[in-house]
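Below: the structure, in structure tokens.
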Amino acid sequence: MVTMANTVERVTGALRERVPPLTSIPLPRSVDQRWLGATWPVRELAPAPPGLKPVLGDEGPPVIGHALDFMRFGIEFGLKRHETYGPVSWMGAFGRRIVTLSGPEATQIALVNKDKAFSQEGWKFFIEQFFDRGLMLLDFGEHHLHRRIMQAAFTRQRLTGYVDQMGPALRDGVAAWADRPNPRIYWSLKQLTLDVATRVFMGMRSGDDAAAINRAFVNSVRAGTAIVRFPVPGGRWAAGLHGRKVLERYFSANLPAKRASDGDDLFTALCHATTEDGDRFTDADVVNHMIFLMMAAHDTSTITSAAAVYHLAKNPEWQERARQESLALGADVPDIEALETLETLDLVIKESLRLVAPVPSLARKTVKDTEVLGHFVPEGTLVGVSPTVNHFAPEHWTDPMRFDPDRFSEQRREDKSHRYAWMPFGGGAHKCVGLHFGTFEVKALLHEMLRAYRWSVPEDYTARWDYVSLPVPADGLPIRLTAR
């Protein structure tokens with residue numbers, strides 16, 4: 001029975017890399033318009049006490065609610081909900097009523113969380129079984145303690161060392177694409193960023209099990225938004241549970257050696273991390289944090305680099321501008337100071353993060369009655385904080401649908417129009433601890449691509465992003481690579 005389940009998982013895992021999900025299958029635009037334009041009875045989430053307004057919204061289609069709508073339409077769906085209901089609304093999805101906060105003012109209230117009404121419990125509904133007790137799932141004092149230990153792994157000194165380690169791996173990995181002129185570049189990027197995370201965070205090279213580990217991460221991430229939240233063979237939930245077991249076995253097997261070593265990789269650092277009071281991570285803590293951090297370190301970097309590659313393919317003038325800066329650095333693998341001089345790539349990466357936020361929704365749960373912009377949100381409510389609307393709000397961005405990296409230039413700085421107009425790394429106490437690491441990795445990767453190749457997509461090609469979990473190009477993003 002176990003062998004049959006493993007076989008089913010291998011087959012479905014391979015298919016997921018080659019076949020887009022049902023939510024991404026192209027349909028006539030008229031069908032999509034009818035789907036997106038469907039209306040449902042408007043209801044109050046809960047009666048509001050005097051002085052506050054109720055949150056309005058709708059259940060959406062029976063049983064599944066609006067889950068498939070966001071998976072298929074992503075940003076377009078988020079903007080439509082914001083236009084219809086404003087910055088505070090609710091919708092039915094995954095058998096629950098979920099309040100959505102959109103726009104800078106509403107998202108700031110939840111992320112700054114002054115009255116501690118919003119907890120990370122919202123993530124547990126989606127991913128606890130796959131990323132149990134990862135840093136993002138911890139709350140308040142416990143989160144502060146664990147984050148303080150984590151931050152020691154992302155100091156300037158450590159980042160300098162990480163950049164020195166990742167540079168040769170990225171150069172070799174990018175050079176290996178030379179015999180593949182028409183790759184589906186997303187999957188190539190994903191394997192490369194996993195190789196880098198393995199080398200930098202674990203002090204190891206990817207072995208023969210790299211493909212299985214990568215698939216385990218993919219399946220664990222995508223399982224959180226499964227419609228059927230039960231381990232049916234071949235389903236996403238079952239694949240995620242299997243992926244979690246694979247990852248636990250992998251990190252647990254390597255744990256004793258890391259406990260005994262004095263290396264400078266993150267895995268070893270977590271094994272030996274000690275607070276002023278003598279607190280240390282248990283073996284289970286280390287495994288949980290490594291699973292979460294390895295996922296975060298390579299998934300978000302893959303998405304950002306894929307988005308940048310796509311937009312540089314569609315905008316060759318920006319590709320050439322960035323290339324000239326990279327070539328000016330010479331032939332050496334760049335160190336951290338050299339990467340910081342690549343100003344065009346800074347602009348391109350920031351604009352790519354705006355257009356394709358790697359984490360399109362941040363989950364929270366209210367632990368007491370609260371209010372957002374005058375709307376009553378009761379205790380125990382599942383909340384989704386959405387950066388997607390913020391990144392396209394016309395009151396904060398000029399021609400927001402257009403790729404325009406110069407909007408981040410010192411002369412314009414449209415991202416400064418509001419503290420939460422641009423929030424690809426979240427905000428508040430849970431702002432991404434590895435944001436600088438990720439930016440350096442994406443910049444170093446793009447630098448190596450610019451040195452080695454030119455790339456393009458057909459003029460009439462438009463990437464379609466699959467929002468089943470984190471945004472992924474539905475077709476793997478086929479590009480044409482040409483050696484320079």
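If you're wondering about the labels, chains in the structure tokens are A, B, ... by order shown, residues count from 1 in each chain, ligands from 1 in order shown.
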key: In stretch 197-417 of chain A, DSSP helix (DSSP H, G or I) residues written as a VMD selection string   = chain A and resid 197 to 202 210 to 223 236 to 260 266 to 272 283 to 314 316 to 327 336 to 339 343 to 355 387 to 390 405 to 408 414 to 417
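Taking only C-alpha atoms, the non-local environment of A:Ala169 within 12 Å (same-chain residues fewer than 4 positions away omitted) comprises Tyr162, Val163, Asp164, Gln165, Gly173, Val174, Ala175, Ala176, Gln191, Leu192, Thr193, Leu194, Asp195, Val196, Ala197, Thr198, Arg199, Val200, Met204, Arg205, Ser206, Val333, Glu441, Ala444, Leu445 and Glu448 of chain A.
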task = Select, from A:Asn182, A:Trp422, A:Cys271, A:Val221, the residue with the minimum atom-to-atom distance to A:Ser456, counting only C-alpha atoms.
result =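 Between A:Asn182, A:Trp422, A:Cys271, A:Val221, the residue approaching A:Ser456 most closely is A:Asn182.
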ask   = Near A:Tyr85, counting only C-alpha atoms, which residues have an atom at most 12 Å away, once you skip same-chain residues fewer than 5 positions from it, shown as a ChimeraX atom specification?
value = /A:42-44,54-58,78-80,90-91,99-103,375
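Considering only C-alpha atoms, the residue among A:Leu36, A:Leu293, A:Leu137, A:Val472 positioned nearest to A:Lys365 is A:Leu137.
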ask   = Using only C-alpha atoms, which residues sit within 12 Å of A:Met71 once same-chain residues fewer than 2 positions away are excluded, as number ranges by chain?
value = A: 20-25, 36, 64-69, 73-78, 93, 222, 225-227, 360-361, 464-472, 474
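With only C-alpha atoms as the atoms that count, the residue of A:Lys314, A:Arg244, A:Asn254, A:Pro473 with the shortest distance to A:Pro358 is A:Pro473.
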request  = Within stretch 427-469 of chain A, find each residue whose DSSP state, derived from the backbone, is strand (DSSP E), and express the selection as a PyMOL selection string.
outcome  = chain A and resi 453-456+465-466
task = Tell me which protein, DNA and RNA residues are within 10 Å of A:Met401, counting only C-alpha atoms, leaving out same-chain ones fewer than 6 positions away, and put them as a list of chain:residue names.
result =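 Listing them by chain and then by number gives A:Arg354, A:Leu355, A:His391, A:Phe392, A:Ala393, A:Pro394.
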request  = Give me, please, the distance in Å between atom CA of A:Val63 and atom CA of A:Val232, quoted to one decimal.
outcome  = 18.0 Å
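Interatomic distance, atom CA of A:Ala307 to atom CA of A:Pro26: 20.2 Å.
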ask   = Do you know which residues are at most 12 Å from A:Thr341 counting only C-alpha atoms, after dropping those on the same chain fewer than 2 positions away, and could you put them as a VMD selection string?
value = chain A and resid 322 325 to 326 328 to 329 334 to 339 343 to 347 440 443 to 444 447
task = Record the distance separating atom CA of A:Ile98 and atom CA of A:Thr300, expressed in Å with one decimal.
result =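 Interatomic distance here is 24.4 Å.
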key: Counting only C-alpha atoms, the residue of A:Ala429, A:Leu481, A:Val287, A:Leu266 that sits nearest A:Ala153   =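 Of A:Ala429, A:Leu481, A:Val287, A:Leu266, the one nearest A:Ala153, counting only C-alpha atoms, is A:Leu266.
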